[in-house]
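Heads up, input05.cif below (mmCIF, C-alpha atoms):
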```cif
data_start
#
loop_
_atom_site.group_PDB
_atom_site.id
_atom_site.type_symbol
_atom_site.label_atom_id
_atom_site.label_comp_id
_atom_site.auth_asym_id
_atom_site.auth_seq_id
_atom_site.Cartn_x
_atom_site.Cartn_y
_atom_site.Cartn_z
ATOM 1 C CA MET A 219 291.709 263.479 206.226
ATOM 2 C CA ASN A 220 293.492 264.434 209.410
ATOM 3 C CA HIS A 221 291.698 261.675 211.254
ATOM 4 C CA GLN A 222 292.718 259.253 208.535
ATOM 5 C CA THR A 223 296.437 260.048 208.812
ATOM 6 C CA THR A 224 296.559 259.784 212.609
ATOM 7 C CA LYS A 225 294.768 256.478 212.368
ATOM 8 C CA THR A 226 297.134 255.027 209.809
ATOM 9 C CA THR A 227 300.356 256.331 211.345
ATOM 10 C CA THR A 228 299.635 255.071 214.865
ATOM 11 C CA PRO A 229 298.348 251.535 214.537
ATOM 12 C CA HIS A 230 299.735 250.271 217.838
ATOM 13 C CA HIS A 231 301.499 253.202 219.326
ATOM 14 C CA GLN A 232 299.841 255.494 221.805
ATOM 15 C CA GLY A 233 302.940 257.511 222.747
ATOM 16 C CA SER A 234 302.795 261.259 223.123
ATOM 17 C CA LEU A 235 305.357 263.856 224.170
ATOM 18 C CA LEU A 236 303.596 264.050 227.535
ATOM 19 C CA SER A 237 303.724 260.295 228.222
ATOM 20 C CA TYR A 238 307.418 260.048 227.281
ATOM 21 C CA THR A 239 308.335 263.107 229.356
ATOM 22 C CA VAL A 240 306.367 261.910 232.394
ATOM 23 C CA GLY A 241 308.020 258.488 232.024
ATOM 24 C CA PHE A 242 311.461 260.079 231.778
ATOM 25 C CA ILE A 243 310.978 262.280 234.867
ATOM 26 C CA LEU A 244 309.508 259.429 236.929
ATOM 27 C CA SER A 245 312.438 257.197 235.900
ATOM 28 C CA LEU A 246 314.919 259.920 236.916
ATOM 29 C CA VAL A 247 313.283 260.279 240.332
ATOM 30 C CA LEU A 248 313.140 256.507 240.850
ATOM 31 C CA THR A 249 316.868 256.287 239.994
ATOM 32 C CA ILE A 250 317.983 259.190 242.178
ATOM 33 C CA ILE A 251 316.046 258.121 245.319
ATOM 34 C CA PRO A 252 317.758 254.722 245.826
ATOM 35 C CA PHE A 253 321.103 256.248 244.770
ATOM 36 C CA PHE A 254 321.021 258.844 247.557
ATOM 37 C CA ALA A 255 319.574 256.392 250.069
ATOM 38 C CA VAL A 256 322.520 254.052 249.471
ATOM 39 C CA MET A 257 325.276 256.684 249.105
ATOM 40 C CA GLU A 258 324.277 258.633 252.218
ATOM 41 C CA GLY A 259 323.771 255.421 254.169
ATOM 42 C CA LEU A 260 320.247 256.522 255.117
ATOM 43 C CA ILE A 261 318.952 252.959 255.172
ATOM 44 C CA ALA A 262 320.290 249.520 255.947
ATOM 45 C CA GLY A 263 319.224 245.894 256.160
ATOM 46 C CA PRO A 264 315.784 244.707 255.081
ATOM 47 C CA SER A 265 314.335 248.203 254.601
ATOM 48 C CA ALA A 266 317.138 248.987 252.131
ATOM 49 C CA ILE A 267 316.402 245.846 250.091
ATOM 50 C CA LEU A 268 312.706 246.759 250.173
ATOM 51 C CA LEU A 269 313.346 250.316 248.957
ATOM 52 C CA LEU A 270 315.709 249.192 246.165
ATOM 53 C CA THR A 271 313.305 246.491 244.969
ATOM 54 C CA GLY A 272 310.316 248.839 245.182
ATOM 55 C CA CYS A 273 312.012 251.589 243.153
ATOM 56 C CA ALA A 274 313.283 249.121 240.508
ATOM 57 C CA LEU A 275 309.861 247.500 240.091
ATOM 58 C CA ALA A 276 308.127 250.889 239.978
ATOM 59 C CA GLN A 277 310.538 252.002 237.264
ATOM 60 C CA LEU A 278 309.937 248.744 235.382
ATOM 61 C CA LEU A 279 306.193 249.477 235.359
ATOM 62 C CA VAL A 280 306.728 253.130 234.369
ATOM 63 C CA GLN A 281 308.891 252.163 231.392
ATOM 64 C CA LEU A 282 306.717 249.197 230.374
ATOM 65 C CA PHE A 283 303.606 251.341 230.159
ATOM 66 C CA LEU A 284 304.958 254.764 229.182
ATOM 67 C CA PHE A 285 307.894 253.760 226.901
ATOM 68 C CA LEU A 286 306.932 250.322 225.580
ATOM 69 C CA HIS A 287 303.132 250.964 225.711
ATOM 70 C CA LEU A 288 302.395 247.454 226.917
ATOM 71 C CA GLY A 289 298.708 246.700 227.337
ATOM 72 C CA GLY A 290 297.574 249.251 224.763
ATOM 73 C CA LYS A 291 295.171 248.617 221.921
ATOM 74 C CA GLY A 292 296.079 245.606 219.769
ATOM 75 C CA GLN A 293 298.696 244.447 222.283
ATOM 76 C CA ARG A 294 296.828 241.483 223.730
ATOM 77 C CA LEU A 295 299.220 238.898 222.332
ATOM 78 C CA ASN A 296 302.249 240.934 223.428
ATOM 79 C CA LEU A 297 300.861 241.030 226.946
ATOM 80 C CA MET A 298 300.292 237.255 226.943
ATOM 81 C CA VAL A 299 303.863 236.595 225.789
ATOM 82 C CA PHE A 300 305.121 239.017 228.439
ATOM 83 C CA LEU A 301 303.186 237.271 231.212
ATOM 84 C CA PHE A 302 304.446 233.857 230.073
ATOM 85 C CA MET A 303 308.027 235.197 230.089
ATOM 86 C CA LEU A 304 307.419 236.494 233.618
ATOM 87 C CA LEU A 305 306.313 233.013 234.725
ATOM 88 C CA VAL A 306 309.435 231.394 233.204
ATOM 89 C CA VAL A 307 311.690 234.024 234.802
ATOM 90 C CA ILE A 308 310.131 233.586 238.249
ATOM 91 C CA ILE A 309 310.472 229.773 238.101
ATOM 92 C CA LEU A 310 314.052 230.128 236.870
ATOM 93 C CA VAL A 311 315.258 232.681 239.417
ATOM 94 C CA VAL A 312 313.333 231.489 242.477
ATOM 95 C CA GLY A 313 314.157 227.855 241.651
ATOM 96 C CA THR A 314 317.856 228.604 241.211
ATOM 97 C CA LEU A 315 318.128 230.525 244.475
ATOM 98 C CA TRP A 316 316.132 227.898 246.358
ATOM 99 C CA ILE A 317 318.231 224.952 245.115
ATOM 100 C CA MET A 318 321.589 226.677 245.463
ATOM 101 C CA ASN A 319 320.836 227.971 248.979
ATOM 102 C CA ASN A 320 319.697 224.488 249.962
ATOM 103 C CA LEU A 321 322.954 223.002 248.638
ATOM 104 C CA HIS A 322 324.923 225.631 250.489
ATOM 105 C CA TYR A 323 323.007 224.882 253.693
ATOM 106 C CA ASN A 324 323.707 221.139 253.385
ATOM 107 C CA MET A 325 327.404 221.592 252.752
ATOM 108 C CA VAL A 326 329.927 220.568 255.434
ATOM 109 C CA PRO A 327 331.450 223.752 256.911
ATOM 110 C CA THR A 328 334.998 224.459 255.705
ATOM 111 C CA GLU A 329 336.478 224.230 259.254
ATOM 112 C CA GLN A 330 335.238 220.682 259.629
ATOM 113 C CA ILE A 331 336.734 219.722 256.267
ATOM 114 C CA ASP A 332 340.070 221.302 257.263
ATOM 115 C CA GLN A 333 340.030 219.471 260.575
ATOM 116 C CA TYR A 334 339.248 216.163 258.866
ATOM 117 C CA MET A 335 342.032 216.721 256.339
ATOM 118 C CA SER A 336 344.637 217.485 259.034
ATOM 119 C CA GLU A 337 343.563 214.409 261.004
ATOM 120 C CA GLN A 338 343.947 212.253 257.927
ATOM 121 C CA SER A 339 347.374 213.706 257.147
ATOM 122 C CA GLN A 340 348.541 213.008 260.710
ATOM 123 C CA LYS A 341 347.527 209.363 260.185
ATOM 124 C CA GLY A 342 350.094 209.275 257.427
ATOM 125 C CA PHE A 343 348.251 210.237 254.222
ATOM 126 C CA MET B 269 293.322 254.840 194.748
ATOM 127 C CA ILE B 270 291.936 251.346 194.959
ATOM 128 C CA ARG B 271 295.456 250.021 194.928
ATOM 129 C CA THR B 272 296.571 252.101 197.930
ATOM 130 C CA THR B 273 293.508 251.282 200.029
ATOM 131 C CA SER B 274 293.892 247.593 199.336
ATOM 132 C CA LEU B 275 297.603 247.771 200.158
ATOM 133 C CA GLN B 276 297.247 249.601 203.477
ATOM 134 C CA PRO B 277 295.867 246.756 205.640
ATOM 135 C CA THR B 278 298.518 244.256 204.489
ATOM 136 C CA VAL B 279 301.285 246.722 205.324
ATOM 137 C CA HIS B 280 299.905 247.181 208.824
ATOM 138 C CA GLU B 281 299.270 243.514 209.310
ATOM 139 C CA ASP B 282 302.860 242.883 208.307
ATOM 140 C CA GLU B 283 304.023 245.569 210.739
ATOM 141 C CA SER B 284 302.093 244.220 213.702
ATOM 142 C CA LYS B 285 303.288 240.697 212.872
ATOM 143 C CA SER B 286 306.936 241.713 212.892
ATOM 144 C CA THR B 287 306.355 243.726 216.063
ATOM 145 C CA LEU B 288 304.952 240.636 217.752
ATOM 146 C CA GLY B 289 307.790 238.469 216.421
ATOM 147 C CA PHE B 290 310.389 240.935 217.649
ATOM 148 C CA TRP B 291 308.595 241.219 220.989
ATOM 149 C CA ILE B 292 308.814 237.424 221.408
ATOM 150 C CA TYR B 293 312.559 237.638 220.685
ATOM 151 C CA LEU B 294 312.896 240.337 223.376
ATOM 152 C CA MET B 295 311.067 238.154 225.893
ATOM 153 C CA THR B 296 313.460 235.247 225.229
ATOM 154 C CA ASP B 297 316.322 237.695 225.657
ATOM 155 C CA CYS B 298 314.779 238.569 229.020
ATOM 156 C CA ILE B 299 315.131 234.909 229.996
ATOM 157 C CA ILE B 300 318.844 234.971 229.108
ATOM 158 C CA PHE B 301 319.306 237.984 231.377
ATOM 159 C CA ALA B 302 317.211 236.356 234.134
ATOM 160 C CA THR B 303 319.558 233.343 233.987
ATOM 161 C CA LEU B 304 322.599 235.593 234.249
ATOM 162 C CA PHE B 305 321.008 237.504 237.156
ATOM 163 C CA ALA B 306 320.350 234.189 238.938
ATOM 164 C CA VAL B 307 323.985 233.129 238.382
ATOM 165 C CA TYR B 308 325.148 236.490 239.722
ATOM 166 C CA ALA B 309 322.931 236.160 242.814
ATOM 167 C CA VAL B 310 324.400 232.717 243.530
ATOM 168 C CA MET B 311 328.024 233.751 242.849
ATOM 169 C CA GLN B 312 327.843 237.135 244.561
ATOM 170 C CA ASN B 313 329.674 236.085 247.729
ATOM 171 C CA ASN B 314 332.155 233.696 246.106
ATOM 172 C CA THR B 315 334.973 236.209 246.023
ATOM 173 C CA PHE B 316 337.742 233.626 246.636
ATOM 174 C CA GLY B 317 339.806 236.101 248.659
ATOM 175 C CA GLY B 318 339.454 238.724 245.898
ATOM 176 C CA PRO B 319 337.506 241.986 246.083
ATOM 177 C CA GLY B 320 333.739 242.109 246.655
ATOM 178 C CA GLY B 321 331.251 244.504 245.096
ATOM 179 C CA SER B 322 331.737 247.253 247.682
ATOM 180 C CA ASP B 323 335.503 247.236 247.039
ATOM 181 C CA ILE B 324 335.427 247.811 243.291
ATOM 182 C CA PHE B 325 332.164 249.593 242.379
ATOM 183 C CA ASP B 326 332.235 253.348 241.864
ATOM 184 C CA ILE B 327 328.540 254.186 242.290
ATOM 185 C CA PRO B 328 328.560 257.881 241.213
ATOM 186 C CA PHE B 329 330.349 256.822 238.001
ATOM 187 C CA VAL B 330 327.706 254.180 237.360
ATOM 188 C CA LEU B 331 324.933 256.704 238.131
ATOM 189 C CA ILE B 332 326.204 258.868 235.256
ATOM 190 C CA GLU B 333 326.139 255.778 232.979
ATOM 191 C CA THR B 334 322.560 255.106 234.110
ATOM 192 C CA LEU B 335 321.472 258.696 233.422
ATOM 193 C CA LEU B 336 323.075 258.596 229.948
ATOM 194 C CA LEU B 337 321.196 255.412 229.039
ATOM 195 C CA LEU B 338 317.932 256.686 230.518
ATOM 196 C CA THR B 339 318.216 259.924 228.521
ATOM 197 C CA SER B 340 318.975 257.937 225.360
ATOM 198 C CA SER B 341 315.807 255.919 225.971
ATOM 199 C CA TYR B 342 313.875 259.213 226.160
ATOM 200 C CA THR B 343 315.437 260.562 222.961
ATOM 201 C CA MET B 344 314.539 257.257 221.261
ATOM 202 C CA GLY B 345 310.934 257.973 222.272
ATOM 203 C CA LEU B 346 311.282 261.396 220.639
ATOM 204 C CA VAL B 347 312.521 259.676 217.444
ATOM 205 C CA LEU B 348 309.304 257.671 217.386
ATOM 206 C CA LEU B 349 307.148 260.771 217.935
ATOM 207 C CA ALA B 350 308.956 262.523 215.077
ATOM 208 C CA LEU B 351 308.387 259.395 212.973
ATOM 209 C CA HIS B 352 304.638 259.666 213.541
ATOM 210 C CA ARG B 353 304.780 263.287 212.388
ATOM 211 C CA ARG B 354 307.034 262.223 209.457
ATOM 212 C CA ASP B 355 309.446 264.969 210.507
ATOM 213 C CA LEU B 356 312.671 263.826 208.861
ATOM 214 C CA SER B 357 315.023 266.453 210.323
ATOM 215 C CA GLN B 358 313.794 265.781 213.886
ATOM 216 C CA ILE B 359 314.265 262.037 213.351
ATOM 217 C CA LYS B 360 317.879 262.617 212.300
ATOM 218 C CA ILE B 361 318.602 264.901 215.270
ATOM 219 C CA TRP B 362 317.111 262.636 217.952
ATOM 220 C CA LEU B 363 318.486 259.428 216.427
ATOM 221 C CA GLY B 364 321.958 260.991 216.245
ATOM 222 C CA LEU B 365 321.672 262.120 219.860
ATOM 223 C CA THR B 366 320.521 258.638 220.926
ATOM 224 C CA PHE B 367 323.577 257.179 219.205
ATOM 225 C CA MET B 368 325.940 259.592 220.963
ATOM 226 C CA LEU B 369 324.396 258.954 224.390
ATOM 227 C CA GLY B 370 324.556 255.185 223.818
ATOM 228 C CA ALA B 371 328.164 255.415 222.637
ATOM 229 C CA ALA B 372 329.069 257.486 225.719
ATOM 230 C CA PHE B 373 327.435 254.843 227.923
ATOM 231 C CA LEU B 374 329.370 252.030 226.237
ATOM 232 C CA GLY B 375 332.585 254.032 226.424
ATOM 233 C CA MET B 376 332.171 254.524 230.184
ATOM 234 C CA GLU B 377 331.419 250.833 230.666
ATOM 235 C CA LEU B 378 334.503 249.780 228.702
ATOM 236 C CA TYR B 379 336.575 252.281 230.707
ATOM 237 C CA GLU B 380 335.263 250.668 233.917
ATOM 238 C CA PHE B 381 336.132 247.171 232.626
ATOM 239 C CA ARG B 382 339.582 248.309 231.526
ATOM 240 C CA HIS B 383 340.179 249.867 234.942
ATOM 241 C CA LEU B 384 339.145 246.640 236.737
ATOM 242 C CA ILE B 385 341.315 244.451 234.499
ATOM 243 C CA HIS B 386 344.213 246.877 234.908
ATOM 244 C CA GLU B 387 343.927 246.467 238.701
ATOM 245 C CA GLY B 388 344.155 242.699 238.199
ATOM 246 C CA HIS B 389 340.463 242.037 238.846
ATOM 247 C CA THR B 390 339.750 239.973 235.734
ATOM 248 C CA TRP B 391 336.896 237.516 235.224
ATOM 249 C CA GLN B 392 339.304 234.701 236.091
ATOM 250 C CA GLN B 393 339.881 235.932 239.637
ATOM 251 C CA SER B 394 336.683 234.732 241.307
ATOM 252 C CA GLY B 395 333.181 233.406 240.730
ATOM 253 C CA PHE B 396 331.804 236.808 241.649
ATOM 254 C CA LEU B 397 333.881 238.588 238.981
ATOM 255 C CA SER B 398 333.045 235.935 236.336
ATOM 256 C CA ALA B 399 329.331 236.422 236.966
ATOM 257 C CA TYR B 400 329.723 240.224 237.055
ATOM 258 C CA PHE B 401 331.622 240.453 233.763
ATOM 259 C CA THR B 402 329.242 238.020 232.050
ATOM 260 C CA LEU B 403 326.081 239.840 233.121
ATOM 261 C CA VAL B 404 327.261 243.404 232.516
ATOM 262 C CA GLY B 405 329.256 242.379 229.417
ATOM 263 C CA THR B 406 326.222 240.712 227.818
ATOM 264 C CA HIS B 407 324.243 243.912 228.325
ATOM 265 C CA GLY B 408 327.140 245.902 226.846
ATOM 266 C CA LEU B 409 327.198 243.605 223.823
ATOM 267 C CA HIS B 410 323.490 244.262 223.271
ATOM 268 C CA ILE B 411 324.162 248.000 223.464
ATOM 269 C CA LEU B 412 326.915 247.616 220.852
ATOM 270 C CA VAL B 413 324.507 245.782 218.521
ATOM 271 C CA GLY B 414 321.906 248.512 219.139
ATOM 272 C CA LEU B 415 324.480 251.193 218.243
ATOM 273 C CA LEU B 416 325.334 249.393 214.987
ATOM 274 C CA TRP B 417 321.620 249.170 214.204
ATOM 275 C CA ILE B 418 321.171 252.914 214.837
ATOM 276 C CA ALA B 419 324.203 253.739 212.675
ATOM 277 C CA VAL B 420 322.954 251.613 209.764
ATOM 278 C CA LEU B 421 319.430 253.064 209.942
ATOM 279 C CA LEU B 422 320.784 256.603 210.210
ATOM 280 C CA ALA B 423 322.916 256.036 207.115
ATOM 281 C CA ILE B 424 319.907 254.688 205.202
ATOM 282 C CA ILE B 425 317.693 257.598 206.314
ATOM 283 C CA LEU B 426 320.343 260.163 205.357
ATOM 284 C CA ARG B 427 320.761 258.616 201.922
ATOM 285 C CA ARG B 428 317.246 257.544 200.959
ATOM 286 C CA GLY B 429 314.839 259.167 203.436
ATOM 287 C CA LEU B 430 311.888 257.382 205.003
ATOM 288 C CA SER B 431 310.249 254.310 203.558
ATOM 289 C CA ALA B 432 307.799 251.749 204.928
ATOM 290 C CA SER B 433 310.596 249.321 205.765
ATOM 291 C CA VAL B 434 312.695 251.999 207.493
ATOM 292 C CA ARG B 435 309.621 252.991 209.495
ATOM 293 C CA LYS B 436 309.124 249.392 210.609
ATOM 294 C CA ARG B 437 312.786 248.986 211.542
ATOM 295 C CA LEU B 438 312.713 252.188 213.577
ATOM 296 C CA LEU B 439 309.697 250.866 215.510
ATOM 297 C CA LEU B 440 311.529 247.615 216.324
ATOM 298 C CA LEU B 441 314.738 249.487 217.171
ATOM 299 C CA SER B 442 312.859 251.617 219.709
ATOM 300 C CA LEU B 443 311.480 248.460 221.374
ATOM 301 C CA PHE B 444 315.016 247.024 221.560
ATOM 302 C CA TRP B 445 316.477 250.197 223.025
ATOM 303 C CA HIS B 446 313.767 250.673 225.705
ATOM 304 C CA PHE B 447 314.186 246.996 226.592
ATOM 305 C CA LEU B 448 317.934 247.450 227.147
ATOM 306 C CA ASP B 449 317.229 250.400 229.434
ATOM 307 C CA ILE B 450 314.876 248.245 231.530
ATOM 308 C CA ILE B 451 317.539 245.522 231.864
ATOM 309 C CA TRP B 452 320.028 248.174 232.974
ATOM 310 C CA ILE B 453 317.686 249.358 235.777
ATOM 311 C CA PHE B 454 318.006 245.895 237.277
ATOM 312 C CA ILE B 455 321.779 245.750 236.780
ATOM 313 C CA PHE B 456 322.097 249.157 238.462
ATOM 314 C CA THR B 457 319.896 248.070 241.380
ATOM 315 C CA ILE B 458 320.899 244.428 241.922
ATOM 316 C CA VAL B 459 324.579 244.528 240.964
ATOM 317 C CA TYR B 460 325.706 248.035 241.865
ATOM 318 C CA LEU B 461 323.420 249.501 244.545
ATOM 319 C CA ALA B 462 322.751 246.227 246.404
ATOM 320 C CA GLY B 463 326.447 245.354 245.935
ATOM 321 C CA VAL B 464 327.669 248.255 248.098
ATOM 322 C CA LEU B 465 324.968 248.064 250.791
#
```
Will you turn the file into structure tokens for me?
Amino acid sequence: MNHQTTKTTTPHHQGSLLSYTVGFILSLVLTIIPFFAVMEGLIAGPSAILLLTGCALAQLLVQLFLFLHLGGKGQRLNLMVFLFMLLVVIILVVGTLWIMNNLHYNMVPTEQIDQYMSEQSQKGF
Amino acid sequence: MIRTTSLQPTVHEDESKSTLGFWIYLMTDCIIFATLFAVYAVMQNNTFGGPGGSDIFDIPFVLIETLLLLTSSYTMGLVLLALHRRDLSQIKIWLGLTFMLGAAFLGMELYEFRHLIHEGHTWQQSGFLSAYFTLVGTHGLHILVGLLWIAVLLAIILRRGLSASVRKRLLLLSLFWHFLDIIWIFIFTIVYLAGVL
């Protein structure tokens, strides 16, 4: 009977008090670390970007597995949809940054435009 | 007896179908946020003589917002655990607490927006501020919808107790709420922390 109820009440949810609490504490730690690193100015430049990205991605994984229970039993389709979304997001974000940075790189610097404009105005425009 | 055993599988099939459907919705929502993040990344330095991120962001204030939302995500997990135990009073307590934490988060965000607009830093001032208000505002709008959802469910639970449909809606609500917390991690990191580096 007891087995029956646990089986019927948790069809696709493997959460327990322990998993939620561990997820919560890990998330807290992964929020506080980058906060102090940035506020105290402990890091700068590329290592700062690396630390921020690392902590955010780690927290993403913690919450995906411990809060949303991705990849559990009966979640195959959910995982497939998630991975497809990830592909779309990567194409979207990387593509956008690539194209826009390329446009920016190919743009005529503002000083040159200003110089050109003043030359034209001196010619009587 | 025969009736209940024959009904059980269809109920669960229905539940896992709506979970999958809702999950697909959440993934498309992810793409909306990814688009807004990409826009923000492009617009970040287009301040047009106005303030940049490091001039206007109050990081300790935003940390408190982050902790409120994170705690509300945890209490939403506790709602789900209480739901599995069918513990009605615990569900009410944790759901009410989740609502209050979420409302406090939204209140702080609106206060921050009001402060920025009061200083003259509206979304019309620069590309950076347009992208900032759109990204953070869209997240705030989702939180508002989540709060309405919690309020409606809480009212139904208080009046009529638990039913199969309420159970299903609570499951979907918890997915929505955890999802919003994950989006906020990236706003906190990319917009706020990276903004003041």
Proximity to B:Ile451 - best of A:Ser265, A:Leu304, A:Leu288, A:Leu278, only C-alpha atoms =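 Using only C-alpha atoms, B:Ile451 sits closest to A:Leu278.
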query = Which protein, DNA or RNA residues have an atom at most 10 Å from (333.6, 251.4, 236.5), counting all atoms listed in the file? List them as JSON, numbers by chain.
reply = {"B": [324, 325, 326, 327, 328, 329, 330, 333, 376, 377, 378, 379, 380, 381, 382, 383, 384]}
ask   = Which residue, B:Trp452, B:Ser286, B:Lys360, B:Phe316, has the smallest gap to B:Ala423 when you use all atoms listed in the file?
value = B:Lys360
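The two atoms in question, atom CA of B:Gly370 and atom CA of B:Gly414, are spaced 8.6 Å apart.
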Show me, as a tab-separated table, the residues of chain B having an atom within 7 Å of chain A, each with the closest atom pair and its distance in Å, using only C-alpha atoms.
```
residue	atom	partner	partner_atom	distance
B:Leu288	CA	A:Asn296	CA	6.3
B:Trp291	CA	A:Asn296	CA	6.8
B:Ile292	CA	A:Val299	CA	6.7
B:Met295	CA	A:Met303	CA	6.0
B:Ile299	CA	A:Val307	CA	6.0
B:Ala302	CA	A:Val307	CA	6.0
B:Thr303	CA	A:Val311	CA	7.0
B:Ala306	CA	A:Val311	CA	5.3
B:Val310	CA	A:Leu315	CA	6.7
B:Tyr342	CA	A:Phe242	CA	6.2
B:Gly345	CA	A:Tyr238	CA	6.5
B:Leu349	CA	A:Ser234	CA	6.8
B:His352	CA	A:Thr227	CA	5.9
B:Leu443	CA	A:Leu286	CA	6.5
B:His446	CA	A:Phe285	CA	6.7
B:Ile450	CA	A:Leu278	CA	6.3
B:Ile453	CA	A:Ala274	CA	6.5
B:Phe454	CA	A:Ala274	CA	6.6
B:Thr457	CA	A:Leu270	CA	6.5
B:Leu461	CA	A:Val256	CA	6.8
B:Leu465	CA	A:Val256	CA	6.6
```
Could you save the residues just selected, with C-alpha atoms, as an mmCIF file, keeping the file's coordinate frame?
```cif
data_model
loop_
_atom_site.group_PDB
_atom_site.id
_atom_site.type_symbol
_atom_site.label_atom_id
_atom_site.label_comp_id
_atom_site.auth_asym_id
_atom_site.auth_seq_id
_atom_site.Cartn_x
_atom_site.Cartn_y
_atom_site.Cartn_z
ATOM 1 C CA LEU B 288 304.952 240.636 217.752
ATOM 2 C CA TRP B 291 308.595 241.219 220.989
ATOM 3 C CA ILE B 292 308.814 237.424 221.408
ATOM 4 C CA MET B 295 311.067 238.154 225.893
ATOM 5 C CA ILE B 299 315.131 234.909 229.996
ATOM 6 C CA ALA B 302 317.211 236.356 234.134
ATOM 7 C CA THR B 303 319.558 233.343 233.987
ATOM 8 C CA ALA B 306 320.350 234.189 238.938
ATOM 9 C CA VAL B 310 324.400 232.717 243.530
ATOM 10 C CA TYR B 342 313.875 259.213 226.160
ATOM 11 C CA GLY B 345 310.934 257.973 222.272
ATOM 12 C CA LEU B 349 307.148 260.771 217.935
ATOM 13 C CA HIS B 352 304.638 259.666 213.541
ATOM 14 C CA LEU B 443 311.480 248.460 221.374
ATOM 15 C CA HIS B 446 313.767 250.673 225.705
ATOM 16 C CA ILE B 450 314.876 248.245 231.530
ATOM 17 C CA ILE B 453 317.686 249.358 235.777
ATOM 18 C CA PHE B 454 318.006 245.895 237.277
ATOM 19 C CA THR B 457 319.896 248.070 241.380
ATOM 20 C CA LEU B 461 323.420 249.501 244.545
ATOM 21 C CA LEU B 465 324.968 248.064 250.791
#
```
message = Would you compute the distance between atom CA of B:Asp282 and atom CA of B:Val434? Give it in Å to one decimal.
response = 13.4 Å
task = Give me, please, the distance in Å between atom CA of B:His410 and atom CA of B:Asp355, quoted to one decimal.
result =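 Taking atom CA of B:His410 and atom CA of B:Asp355, their separation equals 28.1 Å.
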inquiry  = Can you translate the PyMOL selection byres ((chain B and resi 440) around 10) into the concrete residues it hits in this file, as number ranges by chain?
reply    = B: 283, 286-291, 434-439, 441-445
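Across B:Leu356, B:Leu412, B:Ile455, B:Ala371, the tightest approach to B:Ser340 is made by B:Ala371 when counting all atoms listed in the file.
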inquiry  = Applying 10 Å and all atoms listed in the file, which residues near B:Trp362 remain after dropping the ones on its own chain fewer than 6 positions away? List them as a PyMOL selection string.
reply    = chain B and resi 340+342-348+350+368
Report as JSON the centre and the edge lengths, in Å to one decimal, of the axis-aligned box holding every listed atom of stretch 311-316 of chain B, padded by 8 Å on each side.
```
{"center_x": 332.8, "center_y": 235.4, "center_z": 245.3, "size_x": 25.9, "size_y": 19.5, "size_z": 20.9}
```
Selection: 9 Å around stretch 392-400 of chain B, only C-alpha atoms, excl. self and same-chain fewer than 3 positions, as an mmCIF file with C-alpha atoms, in the coordinates of the input:
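Written file, selection38.cif:
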```
data_model
loop_
_atom_site.group_PDB
_atom_site.id
_atom_site.type_symbol
_atom_site.label_atom_id
_atom_site.label_comp_id
_atom_site.auth_asym_id
_atom_site.auth_seq_id
_atom_site.Cartn_x
_atom_site.Cartn_y
_atom_site.Cartn_z
ATOM 1 C CA LEU B 304 322.599 235.593 234.249
ATOM 2 C CA PHE B 305 321.008 237.504 237.156
ATOM 3 C CA VAL B 307 323.985 233.129 238.382
ATOM 4 C CA TYR B 308 325.148 236.490 239.722
ATOM 5 C CA ALA B 309 322.931 236.160 242.814
ATOM 6 C CA VAL B 310 324.400 232.717 243.530
ATOM 7 C CA MET B 311 328.024 233.751 242.849
ATOM 8 C CA GLN B 312 327.843 237.135 244.561
ATOM 9 C CA ASN B 313 329.674 236.085 247.729
ATOM 10 C CA ASN B 314 332.155 233.696 246.106
ATOM 11 C CA THR B 315 334.973 236.209 246.023
ATOM 12 C CA PHE B 316 337.742 233.626 246.636
ATOM 13 C CA GLY B 317 339.806 236.101 248.659
ATOM 14 C CA GLY B 318 339.454 238.724 245.898
ATOM 15 C CA PRO B 319 337.506 241.986 246.083
ATOM 16 C CA GLY B 320 333.739 242.109 246.655
ATOM 17 C CA GLY B 321 331.251 244.504 245.096
ATOM 18 C CA GLY B 388 344.155 242.699 238.199
ATOM 19 C CA HIS B 389 340.463 242.037 238.846
ATOM 20 C CA LEU B 403 326.081 239.840 233.121
ATOM 21 C CA VAL B 404 327.261 243.404 232.516
ATOM 22 C CA GLY B 405 329.256 242.379 229.417
ATOM 23 C CA VAL B 459 324.579 244.528 240.964
#
```
